[in-house]
Structure formats: structure tokens, C-alpha cells
file upload_13.cif (mmCIF, C-alpha atoms and all ligand atoms)
data_run
#
loop_
_atom_site.label_atom_id
_atom_site.label_comp_id
_atom_site.auth_asym_id
_atom_site.auth_seq_id
_atom_site.Cartn_x
_atom_site.Cartn_y
_atom_site.Cartn_z
CA MET A 1 -280.26 -176.22 -106.66
CA ASP A 2 -281.71 -179.35 -108.27
CA LEU A 3 -282.10 -181.93 -105.52
CA GLU A 4 -282.96 -184.67 -108.04
CA LEU A 5 -285.67 -186.03 -105.75
CA ASN A 6 -288.67 -185.78 -108.07
CA GLY A 7 -290.47 -189.14 -108.40
CA LYS A 8 -288.55 -190.88 -105.60
CA VAL A 9 -290.37 -192.89 -102.92
CA ALA A 10 -289.78 -192.23 -99.20
CA VAL A 11 -290.90 -193.98 -96.02
CA ILE A 12 -291.10 -191.84 -92.88
CA THR A 13 -291.96 -193.27 -89.47
CA GLY A 14 -293.79 -190.85 -87.22
CA GLY A 15 -294.79 -188.67 -90.14
CA SER A 16 -297.99 -187.23 -88.69
CA VAL A 17 -296.71 -184.31 -86.59
CA GLY A 18 -293.54 -182.49 -85.57
CA ILE A 19 -290.24 -183.16 -87.34
CA GLY A 20 -291.52 -186.20 -89.27
CA LEU A 21 -294.44 -184.25 -90.74
CA ALA A 22 -292.14 -181.35 -91.68
CA ILE A 23 -289.80 -183.79 -93.47
CA ALA A 24 -292.80 -185.34 -95.24
CA ARG A 25 -293.97 -181.95 -96.47
CA GLY A 26 -290.42 -180.94 -97.42
CA LEU A 27 -289.93 -184.08 -99.51
CA ALA A 28 -293.42 -183.83 -101.03
CA ALA A 29 -292.57 -180.29 -102.16
CA GLU A 30 -289.72 -181.88 -104.14
CA GLY A 31 -292.11 -184.37 -105.80
CA VAL A 32 -291.36 -187.37 -103.56
CA HIS A 33 -294.11 -189.98 -103.04
CA LEU A 34 -294.56 -190.98 -99.42
CA THR A 35 -295.43 -193.73 -97.02
CA LEU A 36 -296.18 -192.32 -93.58
CA CYS A 37 -296.95 -194.21 -90.39
CA ALA A 38 -297.96 -193.37 -86.82
CA ARG A 39 -300.27 -194.83 -84.16
CA ASN A 40 -303.04 -192.23 -84.30
CA GLY A 41 -304.62 -193.10 -87.66
CA GLU A 42 -307.04 -190.18 -87.70
CA ARG A 43 -304.35 -187.51 -87.37
CA LEU A 44 -302.15 -189.38 -89.84
CA ALA A 45 -304.91 -189.66 -92.45
CA ALA A 46 -305.72 -185.95 -92.15
CA GLU A 47 -302.07 -184.95 -92.70
CA ALA A 48 -301.70 -187.43 -95.59
CA ARG A 49 -304.79 -185.90 -97.23
CA ALA A 50 -303.39 -182.38 -96.80
CA ILE A 51 -300.07 -183.42 -98.40
CA ARG A 52 -301.87 -185.00 -101.39
CA ASP A 53 -303.96 -181.84 -101.82
CA ASP A 54 -301.04 -179.45 -101.42
CA PHE A 55 -298.36 -181.23 -103.48
CA GLY A 56 -300.12 -183.79 -105.73
CA VAL A 57 -297.87 -186.68 -104.67
CA GLU A 58 -299.01 -190.19 -103.70
CA VAL A 59 -299.22 -190.75 -99.96
CA LEU A 60 -299.78 -194.14 -98.37
CA ASP A 61 -300.73 -193.76 -94.70
CA VAL A 62 -300.57 -196.77 -92.38
CA ALA A 63 -301.67 -196.61 -88.75
CA LEU A 64 -299.37 -198.79 -86.66
CA ASP A 65 -297.04 -199.05 -83.71
CA VAL A 66 -293.40 -199.29 -84.84
CA THR A 67 -292.51 -201.25 -81.71
CA SER A 68 -294.59 -204.17 -83.05
CA PRO A 69 -292.72 -206.49 -85.46
CA SER A 70 -295.99 -207.72 -86.97
CA ASP A 71 -297.17 -204.14 -87.57
CA LEU A 72 -293.88 -203.44 -89.33
CA ASN A 73 -294.28 -206.57 -91.48
CA GLY A 74 -297.71 -205.27 -92.55
CA LEU A 75 -296.18 -201.88 -93.36
CA VAL A 76 -293.45 -203.41 -95.50
CA THR A 77 -295.98 -205.54 -97.39
CA ALA A 78 -298.09 -202.44 -98.07
CA ILE A 79 -295.02 -200.48 -99.28
CA TYR A 80 -293.98 -203.23 -101.69
CA ALA A 81 -297.58 -203.60 -102.95
CA ARG A 82 -298.00 -199.87 -103.62
CA PHE A 83 -294.53 -198.71 -104.65
CA GLY A 84 -292.48 -201.88 -105.22
CA GLY A 85 -290.07 -200.70 -102.50
CA ALA A 86 -288.56 -197.36 -101.54
CA ASP A 87 -285.60 -195.09 -102.31
CA ILE A 88 -285.51 -193.32 -98.94
CA LEU A 89 -286.13 -194.53 -95.38
CA ILE A 90 -286.35 -192.05 -92.52
CA ASN A 91 -286.46 -193.59 -89.05
CA ASN A 92 -287.97 -190.73 -87.10
CA ALA A 93 -290.62 -192.09 -84.70
CA GLY A 94 -289.55 -191.63 -81.12
CA THR A 95 -290.22 -189.88 -77.86
CA GLY A 96 -288.52 -188.71 -74.69
CA SER A 97 -288.53 -190.63 -71.43
CA GLU A 98 -288.33 -189.80 -67.74
CA GLU A 99 -287.03 -192.24 -65.14
CA LYS A 100 -284.31 -193.20 -62.72
CA ILE A 101 -282.19 -196.18 -63.74
CA LEU A 102 -282.61 -197.79 -60.33
CA GLU A 103 -286.38 -197.63 -60.61
CA ALA A 104 -287.04 -198.47 -64.28
CA GLU A 105 -288.10 -202.07 -64.99
CA ASP A 106 -286.94 -204.16 -67.96
CA ASP A 107 -290.14 -203.64 -69.94
CA ARG A 108 -289.51 -199.89 -70.07
CA TRP A 109 -286.01 -200.42 -71.45
CA GLN A 110 -287.40 -202.94 -73.93
CA TYR A 111 -290.09 -200.52 -75.18
CA TYR A 112 -287.58 -197.76 -75.96
CA TRP A 113 -285.14 -200.26 -77.45
CA ASP A 114 -287.89 -201.44 -79.83
CA LEU A 115 -289.00 -197.85 -80.56
CA HIS A 116 -285.62 -196.22 -81.19
CA VAL A 117 -283.42 -199.09 -82.35
CA MET A 118 -285.28 -202.21 -83.48
CA ALA A 119 -287.83 -200.33 -85.61
CA ALA A 120 -284.88 -198.85 -87.55
CA VAL A 121 -283.14 -202.24 -87.76
CA ARG A 122 -286.28 -204.03 -88.95
CA LEU A 123 -287.23 -201.45 -91.56
CA ALA A 124 -283.69 -201.11 -92.94
CA ARG A 125 -283.43 -204.90 -93.22
CA ALA A 126 -286.75 -205.13 -95.03
CA LEU A 127 -286.33 -202.16 -97.39
CA ALA A 128 -282.60 -202.24 -98.27
CA PRO A 129 -283.01 -205.15 -100.75
CA ALA A 130 -285.47 -203.06 -102.78
CA MET A 131 -283.08 -200.07 -102.64
CA ILE A 132 -280.29 -202.29 -103.94
CA GLY A 133 -282.59 -203.39 -106.77
CA ARG A 134 -283.31 -199.72 -107.60
CA GLY A 135 -279.59 -198.93 -107.80
CA GLY A 136 -279.18 -197.22 -104.42
CA GLY A 137 -280.93 -195.25 -101.73
CA VAL A 138 -280.77 -193.23 -98.54
CA VAL A 139 -281.42 -194.15 -94.90
CA LEU A 140 -281.56 -191.36 -92.34
CA ASN A 141 -281.92 -191.92 -88.63
CA ASN A 142 -283.26 -189.17 -86.41
CA ALA A 143 -281.45 -189.59 -83.10
CA SER A 144 -280.84 -186.60 -80.80
CA ILE A 145 -278.09 -184.47 -79.31
CA CYS A 146 -278.89 -186.55 -76.20
CA ALA A 147 -277.17 -189.51 -77.86
CA THR A 148 -273.91 -187.67 -77.12
CA GLN A 149 -274.78 -185.13 -74.42
CA PRO A 150 -277.30 -186.72 -72.06
CA LEU A 151 -280.14 -184.93 -70.29
CA TYR A 152 -280.21 -186.11 -66.67
CA TYR A 153 -283.90 -187.02 -66.51
CA GLU A 154 -284.06 -189.42 -69.47
CA PRO A 155 -281.33 -192.09 -69.26
CA ILE A 156 -283.28 -194.62 -71.34
CA TYR A 157 -283.83 -192.06 -74.10
CA ASN A 158 -280.12 -191.10 -74.06
CA THR A 159 -278.97 -194.72 -74.14
CA THR A 160 -281.27 -195.94 -76.91
CA LYS A 161 -280.56 -192.89 -79.07
CA ALA A 162 -276.81 -193.51 -78.65
CA ALA A 163 -277.41 -197.09 -79.81
CA LEU A 164 -279.28 -195.78 -82.85
CA VAL A 165 -276.26 -193.65 -83.80
CA MET A 166 -273.95 -196.67 -83.62
CA PHE A 167 -276.42 -198.81 -85.59
CA SER A 168 -276.50 -196.08 -88.22
CA LYS A 169 -272.69 -196.06 -88.51
CA CYS A 170 -272.52 -199.86 -88.85
CA LEU A 171 -275.34 -199.90 -91.40
CA ALA A 172 -273.57 -197.19 -93.41
CA ASN A 173 -270.46 -199.36 -93.71
CA GLU A 174 -272.53 -202.37 -94.77
CA LEU A 175 -274.67 -200.59 -97.35
CA ILE A 176 -272.38 -198.09 -99.06
CA PRO A 177 -271.05 -200.77 -101.47
CA HIS A 178 -274.66 -200.88 -102.74
CA ASN A 179 -274.82 -197.10 -103.19
CA ILE A 180 -277.07 -196.68 -100.14
CA ARG A 181 -276.02 -193.71 -98.00
CA VAL A 182 -276.82 -193.93 -94.28
CA ASN A 183 -276.49 -190.93 -91.95
CA THR A 184 -277.77 -189.68 -88.62
CA VAL A 185 -279.18 -186.29 -87.67
CA ASN A 186 -278.95 -185.19 -84.04
CA PRO A 187 -281.35 -182.29 -83.47
CA GLY A 188 -281.24 -180.05 -80.41
CA LEU A 189 -284.36 -178.19 -79.24
CA VAL A 190 -287.13 -178.41 -81.82
CA ARG A 191 -290.41 -176.65 -81.21
CA THR A 192 -293.02 -179.35 -81.83
CA PRO A 193 -296.62 -179.30 -80.56
CA ASP A 194 -295.55 -181.77 -77.89
CA TRP A 195 -293.02 -179.33 -76.39
CA TYR A 196 -295.75 -176.67 -76.27
CA LYS A 197 -298.15 -179.10 -74.59
CA THR A 198 -295.53 -179.98 -71.96
CA ALA A 199 -294.85 -176.29 -71.32
CA THR A 200 -298.58 -175.63 -70.94
CA ILE A 201 -298.98 -178.44 -68.40
CA ILE A 202 -295.91 -177.40 -66.37
CA THR A 203 -296.90 -173.72 -66.21
CA GLU A 204 -300.60 -174.20 -65.54
CA GLY A 205 -301.63 -172.23 -62.46
CA THR A 206 -298.23 -170.49 -62.21
CA GLU A 207 -297.16 -166.92 -62.98
CA GLN A 208 -295.14 -168.15 -65.95
CA THR A 209 -296.61 -168.59 -69.45
CA ALA A 210 -295.83 -171.56 -71.68
CA GLU A 211 -293.91 -169.20 -73.98
CA GLU A 212 -291.78 -167.93 -71.09
CA PHE A 213 -291.08 -171.49 -69.99
CA LEU A 214 -289.91 -172.48 -73.49
CA GLN A 215 -287.77 -169.35 -73.78
CA GLY A 216 -286.19 -170.25 -70.42
CA ILE A 217 -285.27 -173.71 -71.77
CA ALA A 218 -283.79 -172.18 -74.93
CA ASP A 219 -281.83 -169.61 -72.89
CA GLN A 220 -280.49 -172.35 -70.63
CA TYR A 221 -279.36 -174.81 -73.29
CA ALA A 222 -279.00 -173.31 -76.76
CA PRO A 223 -276.40 -170.60 -77.53
CA ILE A 224 -278.72 -169.48 -80.34
CA LYS A 225 -281.32 -168.78 -77.59
CA ARG A 226 -284.31 -170.22 -79.39
CA PHE A 227 -285.87 -173.49 -80.48
CA ALA A 228 -285.59 -174.67 -84.08
CA SER A 229 -288.77 -174.93 -86.07
CA PRO A 230 -289.49 -178.46 -87.37
CA GLU A 231 -288.98 -177.06 -90.88
CA GLU A 232 -285.41 -175.95 -90.07
CA ILE A 233 -284.58 -179.56 -89.18
CA ALA A 234 -286.56 -180.94 -92.12
CA ASP A 235 -284.58 -178.83 -94.61
CA PHE A 236 -281.43 -180.59 -93.44
CA PHE A 237 -283.04 -184.02 -93.88
CA VAL A 238 -284.24 -183.14 -97.38
CA PHE A 239 -280.72 -182.04 -98.34
CA LEU A 240 -279.24 -185.29 -97.00
CA CYS A 241 -281.78 -187.28 -99.04
CA SER A 242 -280.72 -185.48 -102.19
CA ALA A 243 -278.07 -186.10 -104.81
CA ARG A 244 -276.38 -182.91 -103.55
CA ALA A 245 -275.29 -184.87 -100.45
CA SER A 246 -273.77 -187.71 -102.47
CA TYR A 247 -270.47 -187.81 -100.50
CA SER A 248 -272.17 -187.79 -97.06
CA VAL A 249 -271.86 -191.32 -95.68
CA GLY A 250 -271.89 -192.71 -92.14
CA SER A 251 -271.86 -189.30 -90.49
CA THR A 252 -273.73 -187.80 -87.56
CA TYR A 253 -274.84 -184.20 -88.05
CA TYR A 254 -275.77 -181.94 -85.14
CA VAL A 255 -278.48 -179.40 -85.91
CA ASP A 256 -278.66 -177.90 -82.46
CA GLY A 257 -278.16 -174.12 -82.42
CA GLY A 258 -274.74 -174.62 -80.82
CA TRP A 259 -275.94 -176.71 -77.86
CA LEU A 260 -273.32 -179.50 -78.17
CA ASN A 261 -270.57 -178.59 -75.74
CA VAL A 262 -267.71 -180.59 -77.24
CA ILE A 263 -266.06 -181.02 -80.59
CA THR A 264 -266.44 -184.45 -82.18
P1 LIG A 301 -293.54 -185.71 -81.98
O1 LIG A 301 -294.01 -186.25 -80.67
O2 LIG A 301 -293.93 -184.35 -82.41
O3 LIG A 301 -293.91 -186.75 -83.15
C1 LIG A 301 -293.56 -188.11 -83.01
C2 LIG A 301 -294.12 -188.86 -84.21
O4 LIG A 301 -293.82 -190.26 -84.02
C3 LIG A 301 -295.62 -188.77 -84.31
O5 LIG A 301 -296.00 -188.89 -85.67
C4 LIG A 301 -296.09 -189.98 -83.51
O6 LIG A 301 -297.42 -190.31 -83.87
C5 LIG A 301 -295.04 -191.01 -83.93
N1 LIG A 301 -294.82 -192.11 -83.01
C6 LIG A 301 -294.44 -192.02 -81.71
N2 LIG A 301 -294.37 -193.26 -81.18
C7 LIG A 301 -294.71 -194.13 -82.17
C8 LIG A 301 -294.86 -195.53 -82.23
N3 LIG A 301 -294.63 -196.32 -81.17
N4 LIG A 301 -295.24 -196.09 -83.40
C9 LIG A 301 -295.49 -195.31 -84.49
N5 LIG A 301 -295.37 -193.98 -84.48
C10 LIG A 301 -294.99 -193.38 -83.33
O7 LIG A 301 -291.95 -185.86 -81.94
P2 LIG A 301 -290.79 -184.94 -82.57
O8 LIG A 301 -291.16 -184.49 -83.91
O9 LIG A 301 -290.40 -183.98 -81.52
O10 LIG A 301 -289.64 -186.02 -82.63
C11 LIG A 301 -289.38 -186.80 -83.77
C12 LIG A 301 -288.04 -187.48 -83.53
O11 LIG A 301 -287.06 -186.48 -83.32
C13 LIG A 301 -288.03 -188.38 -82.30
O12 LIG A 301 -287.32 -189.55 -82.56
C14 LIG A 301 -287.33 -187.53 -81.25
O13 LIG A 301 -286.65 -188.31 -80.31
C15 LIG A 301 -286.35 -186.75 -82.13
N6 LIG A 301 -285.90 -185.49 -81.52
C16 LIG A 301 -286.80 -184.50 -81.18
C17 LIG A 301 -286.35 -183.32 -80.61
C18 LIG A 301 -287.28 -182.19 -80.22
O14 LIG A 301 -286.83 -181.26 -79.55
N7 LIG A 301 -288.54 -182.20 -80.60
C19 LIG A 301 -284.91 -183.12 -80.35
C20 LIG A 301 -284.07 -184.21 -80.75
C21 LIG A 301 -284.56 -185.35 -81.31
P3 LIG A 301 -298.39 -191.14 -82.88
O15 LIG A 301 -298.26 -190.53 -81.52
O16 LIG A 301 -299.75 -191.01 -83.50
O17 LIG A 301 -297.89 -192.55 -82.92
#
call {"tool": "encode", "arguments": {"input": "upload_13.cif", "output": "C-alpha cells"}}
result
Amino acid sequence: MDLELNGKVAVITGGSVGIGLAIARGLAAEGVHLTLCARNGERLAAEARAIRDDFGVEVLDVALDVTSPSDLNGLVTAIYARFGGADILINNAGTGSEEKILEAEDDRWQYYWDLHVMAAVRLARALAPAMIGRGGGVVLNNASICATQPLYYEPIYNTTKAALVMFSKCLANELIPHNIRVNTVNPGLVRTPDWYKTATIITEGTEQTAEEFLQGIADQYAPIKRFASPEEIADFFVFLCSARASYSVGSTYYVDGGWLNVIT
């Protein structure tokens, strides 16, 4: 299948580890040049170097915090200077939360709002004009199954991811006249290094291993009874970026091993 991605330019937030890194490597394998960003510049630079070595594509790596509007302005300037814009934007940076609504202060809500919603708003607003100039493009937002089916311990995560899905739908309606396709992916359980770290911390000093803990989570939530690998999610993103997904507009796709308990 020819994905017609060779030579395109993609921007991926949170491209240094986990799902974002797997998407970066998946797109690079198709000949896509990349801009990657994350806060930890050392880890980001190392992964960018590995992608250049492995796939021979151009990779611009920018260390920044996507919750900072001025950091995002710097990123956009760097993207325009290096590539003259972008064909693909993947809003992926994000993280889980843990709180009770009655105890969480405003600044916590504001942080996750900036991380999961405003970073996507600001980057889409800044990069869509260049996509229009290039004749079209793709914006993908990585939300979560939790946008629809909340986990009890992370109300701020659930709420801000739900807002991201609605933003994505509204943006899709606004941009499709310009041949820019906007969609959302809602992953379920994805086995990233962070999940393994959490499992290690929780099981330290107990009879249970980290592996057993993770299997217990998969057994509890996912009918498929396992986590996805980041690459299994990335493959779906790469397809949605491609010309083979040309009629996919304004949709939300669950890649969750059957975890979603309703039909939508
Ligand atoms: P990881 O923690 O493995 O990676 C997150 C990436 O985002 C890293 O590159 C991280 O780098 C970057 N990042 C985090 N915060 C910021 C910030 N403020 N500014 C810039 N970069 C940031 O996460 P996953 O791969 O697991 O998750 C990726 C996305 O997928 C998230 O939005 C998450 O909500 C979603 N998701 C994940 C699921 C899972 O099971 N793993 C399930 C459903 C959705 P650094 O720390 O250096 O900034």
C-alpha cells in the first residue's frame, strides 16, 4: 500500500518516548521529515539522532514545554524557518492525573487545560495557514478512551481529554474546506515506559512483580487481555496521516482492545 507520505513534513508533540516516539519512527520509515518536541532535551536529542541515523530523514528537535505559549511561539518560528511550515500536526503530548475534584485547585485544572487543549489549539492555529498554502494537511489529536469512559482517579485528565475531542471535531468542520483532515485517536492501554515505571513503584516490596501488576490491569479492563504496544497505536496514526485515509474527517477512533463499553 502506497501511503504517499514520502517527503512530507510532520510536527509531533511529545515525540521523545512512548506513543509519540513510535509515531515519529513510523512516519520516518515512510520518508516523512519531522519536528519533535518535549521538555527533556537530552532524551529528545538522542531519539532525534537515532531517527536520522535509522531513516535518513531530517529531524528538528526542540526542547520546550507545550503549556507555555512563548515556548510554542518559538517552536512555530523554528518550524517555519526550517521547513516553511508542515503537512501534518500530531498533538500527542500529555499525561495522566490523580486527584479529587473537591481538593484540586484552579492551577491544576489550568495546567492540564493548557497541556491537553490549548497546546493543540495554539499549534493548529499557527500551522494551519501553512497547510492551506501547501494545498492541505492532516491534524491528529491523541486523546484517550478516558475522554468517553472516565477512570475514577483522574477527573481532570478525563475532562480535558473530552474537551480535546470536541475541539478536534470543531476544527475538522472548520478546516475540511481547505483540504485539511482533522481526526482524533482514543487509545486504551498502551505499554509505555511510564506504565512500567508506575508498576515497578507500586509493586516494590510486595509479592507481585511489575509484569503481574500490568497483566492484572489488562485482565481487568481490556477484553483483549493485554496492553497495546506503542507501535500498534502508531500504525493507526500513520494510516490516518496517509492518502489512504482521505475520506476520514472529524472522527474519533478507539484503538483500545475492546475496552470501550458502549457503542458510539
Ligand atoms: P509518555 O509519558 O510515554 O510520553 C509523553 C511525551 O510527552 C514525552 O515525549 C514527554 O516528554 C512529552 N511531554 C509531556 N508533557 C509535556 C509538556 N508539558 N511539554 C512538552 N512535552 C511534554 O506518554 P504516552 O506515550 O503514554 O502518552 C502519549 C499521549 O497518549 C498522551 O497524551 C496520553 O494521554 C495519551 N494516551 C496514553 C495512553 C497509555 O496507556 N499510555 C492511553 C491513552 C491515551 P517530556 O517528559 O520530556 O516532556
call {"tool": "closest_residue", "arguments": {"input": "upload_13.cif", "among": "A:Asn91, A:Gln208, A:Thr200, A:Gln110", "to": "ligand LIG 301 (chain A)", "atoms": "all atoms listed in the file"}}
result
A:Asn91
call {"tool": "closest_residue", "arguments": {"input": "upload_13.cif", "among": "A:Leu189, A:Ala63, A:Val182, A:Ala119", "to": "Ile233 in chain A", "atoms": "only C-alpha atoms"}}
result
A:Leu189
call {"tool": "residues_near_ligand", "arguments": {"input": "upload_13.cif", "ligand": "ligand LIG 301 (chain A)", "cutoff": "8 Å", "atoms": "only C-alpha atoms and all ligand atoms", "output": "VMD selection string"}}
result
chain A and resid 13 to 21 37 to 41 43 to 44 63 to 67 91 to 96 115 to 116 142 to 146 157 161 186 to 195 227 230
call {"tool": "closest_residue", "arguments": {"input": "upload_13.cif", "among": "A:Val262, A:Leu5, A:Ala124, A:Ala104", "to": "Ser242 in chain A", "atoms": "all atoms listed in the file"}}
result
A:Leu5
call {"tool": "atom_distance", "arguments": {"input": "upload_13.cif", "atom1": "CA of Tyr111 in chain A", "atom2": "CA of Ser68 in chain A"}}
result
9.8 Å
call {"tool": "atom_distance", "arguments": {"input": "upload_13.cif", "atom1": "CA of Val57 in chain A", "atom2": "CA of His33 in chain A"}}
result
5.3 Å
call {"tool": "residues_near_point", "arguments": {"input": "upload_13.cif", "point": "(-284.3, -176.1, -108.5)", "cutoff": "12 Å", "atoms": "only C-alpha atoms", "output": "PyMOL selection string"}}
result
chain A and resi 1-6+29-31+242+244
call {"tool": "write_last_selection", "arguments": {"input": "upload_13.cif", "atoms": "C-alpha atoms", "output": "PDB file, in the frame of the given file"}}
result
ATOM      1  CA  MET A   1    -280.260-176.220-106.660  1.00  0.00           C
ATOM      2  CA  ASP A   2    -281.710-179.350-108.270  1.00  0.00           C
ATOM      3  CA  LEU A   3    -282.100-181.930-105.520  1.00  0.00           C
ATOM      4  CA  GLU A   4    -282.960-184.670-108.040  1.00  0.00           C
ATOM      5  CA  LEU A   5    -285.670-186.030-105.750  1.00  0.00           C
ATOM      6  CA  ASN A   6    -288.670-185.780-108.070  1.00  0.00           C
ATOM      7  CA  ALA A  29    -292.570-180.290-102.160  1.00  0.00           C
ATOM      8  CA  GLU A  30    -289.720-181.880-104.140  1.00  0.00           C
ATOM      9  CA  GLY A  31    -292.110-184.370-105.800  1.00  0.00           C
ATOM     10  CA  SER A 242    -280.720-185.480-102.190  1.00  0.00           C
ATOM     11  CA  ARG A 244    -276.380-182.910-103.550  1.00  0.00           C
TER      12      ARG A 244
END
call {"tool": "atom_distance", "arguments": {"input": "upload_13.cif", "atom1": "CA of Arg122 in chain A", "atom2": "CA of Pro69 in chain A"}}
result
7.7 Å
call {"tool": "residues_near_point", "arguments": {"input": "upload_13.cif", "point": "(-289.4, -190.0, -97.0)", "cutoff": "9 Å", "atoms": "all atoms listed in the file", "output": "PyMOL selection string"}}
result
chain A and resi 8-13+15+20+23-24+27-28+32-36+86-90+238+241
call {"tool": "closest_residue", "arguments": {"input": "upload_13.cif", "among": "A:Arg49, A:Arg134, A:Lys169, A:Arg125", "to": "Asn73 in chain A", "atoms": "all atoms listed in the file"}}
result
A:Arg125
call {"tool": "closest_residue", "arguments": {"input": "upload_13.cif", "among": "A:Ile156, A:Met118, A:Val165, A:Val249", "to": "Asp106 in chain A", "atoms": "only C-alpha atoms"}}
result
A:Ile156
call {"tool": "build_atoms", "arguments": {"input": "upload_13.cif", "residues": "range 14-40 of chain A", "atoms": "N, CA and C atoms", "output": "PDB file, in the frame of the given file"}}
result
ATOM      1  N   GLY A  14    -293.426-192.016 -88.012  1.00  0.00           N
ATOM      2  CA  GLY A  14    -293.790-190.850 -87.220  1.00  0.00           C
ATOM      3  C   GLY A  14    -293.945-189.612 -88.089  1.00  0.00           C
ATOM      4  N   GLY A  15    -294.676-189.783 -89.195  1.00  0.00           N
ATOM      5  CA  GLY A  15    -294.790-188.670 -90.140  1.00  0.00           C
ATOM      6  C   GLY A  15    -296.041-187.822 -89.986  1.00  0.00           C
ATOM      7  N   SER A  16    -296.699-187.909 -88.819  1.00  0.00           N
ATOM      8  CA  SER A  16    -297.990-187.230 -88.690  1.00  0.00           C
ATOM      9  C   SER A  16    -297.936-185.889 -87.961  1.00  0.00           C
ATOM     10  N   VAL A  17    -296.810-185.559 -87.360  1.00  0.00           N
ATOM     11  CA  VAL A  17    -296.710-184.310 -86.590  1.00  0.00           C
ATOM     12  C   VAL A  17    -295.222-184.014 -86.381  1.00  0.00           C
ATOM     13  N   GLY A  18    -294.908-182.815 -85.965  1.00  0.00           N
ATOM     14  CA  GLY A  18    -293.540-182.490 -85.570  1.00  0.00           C
ATOM     15  C   GLY A  18    -292.534-182.609 -86.706  1.00  0.00           C
ATOM     16  N   ILE A  19    -291.350-183.099 -86.375  1.00  0.00           N
ATOM     17  CA  ILE A  19    -290.240-183.160 -87.340  1.00  0.00           C
ATOM     18  C   ILE A  19    -290.600-184.081 -88.511  1.00  0.00           C
ATOM     19  N   GLY A  20    -291.191-185.244 -88.207  1.00  0.00           N
ATOM     20  CA  GLY A  20    -291.520-186.200 -89.270  1.00  0.00           C
ATOM     21  C   GLY A  20    -292.479-185.608 -90.287  1.00  0.00           C
ATOM     22  N   LEU A  21    -293.482-184.887 -89.816  1.00  0.00           N
ATOM     23  CA  LEU A  21    -294.440-184.250 -90.740  1.00  0.00           C
ATOM     24  C   LEU A  21    -293.728-183.174 -91.563  1.00  0.00           C
ATOM     25  N   ALA A  22    -292.865-182.401 -90.933  1.00  0.00           N
ATOM     26  CA  ALA A  22    -292.140-181.350 -91.680  1.00  0.00           C
ATOM     27  C   ALA A  22    -291.247-181.973 -92.753  1.00  0.00           C
ATOM     28  N   ILE A  23    -290.618-183.106 -92.445  1.00  0.00           N
ATOM     29  CA  ILE A  23    -289.800-183.790 -93.470  1.00  0.00           C
ATOM     30  C   ILE A  23    -290.712-184.280 -94.597  1.00  0.00           C
ATOM     31  N   ALA A  24    -291.860-184.847 -94.223  1.00  0.00           N
ATOM     32  CA  ALA A  24    -292.800-185.340 -95.240  1.00  0.00           C
ATOM     33  C   ALA A  24    -293.202-184.224 -96.187  1.00  0.00           C
ATOM     34  N   ARG A  25    -293.536-183.080 -95.626  1.00  0.00           N
ATOM     35  CA  ARG A  25    -293.970-181.950 -96.470  1.00  0.00           C
ATOM     36  C   ARG A  25    -292.792-181.399 -97.289  1.00  0.00           C
ATOM     37  N   GLY A  26    -291.608-181.401 -96.697  1.00  0.00           N
ATOM     38  CA  GLY A  26    -290.420-180.940 -97.420  1.00  0.00           C
ATOM     39  C   GLY A  26    -290.097-181.841 -98.600  1.00  0.00           C
ATOM     40  N   LEU A  27    -290.203-183.144 -98.403  1.00  0.00           N
ATOM     41  CA  LEU A  27    -289.930-184.080 -99.510  1.00  0.00           C
ATOM     42  C   LEU A  27    -291.049-184.014-100.555  1.00  0.00           C
ATOM     43  N   ALA A  28    -292.295-183.910-100.088  1.00  0.00           N
ATOM     44  CA  ALA A  28    -293.420-183.830-101.030  1.00  0.00           C
ATOM     45  C   ALA A  28    -293.281-182.597-101.935  1.00  0.00           C
ATOM     46  N   ALA A  29    -292.775-181.511-101.365  1.00  0.00           N
ATOM     47  CA  ALA A  29    -292.570-180.290-102.160  1.00  0.00           C
ATOM     48  C   ALA A  29    -291.556-180.519-103.276  1.00  0.00           C
ATOM     49  N   GLU A  30    -290.710-181.537-103.101  1.00  0.00           N
ATOM     50  CA  GLU A  30    -289.720-181.880-104.140  1.00  0.00           C
ATOM     51  C   GLU A  30    -290.244-182.971-105.073  1.00  0.00           C
ATOM     52  N   GLY A  31    -291.529-183.360-104.902  1.00  0.00           N
ATOM     53  CA  GLY A  31    -292.110-184.370-105.800  1.00  0.00           C
ATOM     54  C   GLY A  31    -291.895-185.807-105.359  1.00  0.00           C
ATOM     55  N   VAL A  32    -291.602-186.012-104.073  1.00  0.00           N
ATOM     56  CA  VAL A  32    -291.360-187.370-103.560  1.00  0.00           C
ATOM     57  C   VAL A  32    -292.686-187.989-103.099  1.00  0.00           C
ATOM     58  N   HIS A  33    -292.947-189.240-103.520  1.00  0.00           N
ATOM     59  CA  HIS A  33    -294.110-189.980-103.040  1.00  0.00           C
ATOM     60  C   HIS A  33    -293.786-190.564-101.663  1.00  0.00           C
ATOM     61  N   LEU A  34    -294.813-190.686-100.838  1.00  0.00           N
ATOM     62  CA  LEU A  34    -294.560-190.980 -99.420  1.00  0.00           C
ATOM     63  C   LEU A  34    -295.330-192.161 -98.879  1.00  0.00           C
ATOM     64  N   THR A  35    -294.706-192.861 -97.942  1.00  0.00           N
ATOM     65  CA  THR A  35    -295.430-193.730 -97.020  1.00  0.00           C
ATOM     66  C   THR A  35    -295.191-193.157 -95.628  1.00  0.00           C
ATOM     67  N   LEU A  36    -296.271-192.880 -94.927  1.00  0.00           N
ATOM     68  CA  LEU A  36    -296.180-192.320 -93.580  1.00  0.00           C
ATOM     69  C   LEU A  36    -296.838-193.283 -92.597  1.00  0.00           C
ATOM     70  N   CYS A  37    -296.287-193.389 -91.402  1.00  0.00           N
ATOM     71  CA  CYS A  37    -296.950-194.210 -90.390  1.00  0.00           C
ATOM     72  C   CYS A  37    -296.882-193.527 -89.029  1.00  0.00           C
ATOM     73  N   ALA A  38    -297.870-193.851 -88.198  1.00  0.00           N
ATOM     74  CA  ALA A  38    -297.960-193.370 -86.820  1.00  0.00           C
ATOM     75  C   ALA A  38    -299.090-194.164 -86.160  1.00  0.00           C
ATOM     76  N   ARG A  39    -299.216-194.053 -84.837  1.00  0.00           N
ATOM     77  CA  ARG A  39    -300.270-194.830 -84.160  1.00  0.00           C
ATOM     78  C   ARG A  39    -301.645-194.212 -84.335  1.00  0.00           C
ATOM     79  N   ASN A  40    -301.741-192.918 -84.202  1.00  0.00           N
ATOM     80  CA  ASN A  40    -303.040-192.230 -84.300  1.00  0.00           C
ATOM     81  C   ASN A  40    -303.426-192.090 -85.786  1.00  0.00           C
TER      82      ASN A  40
END
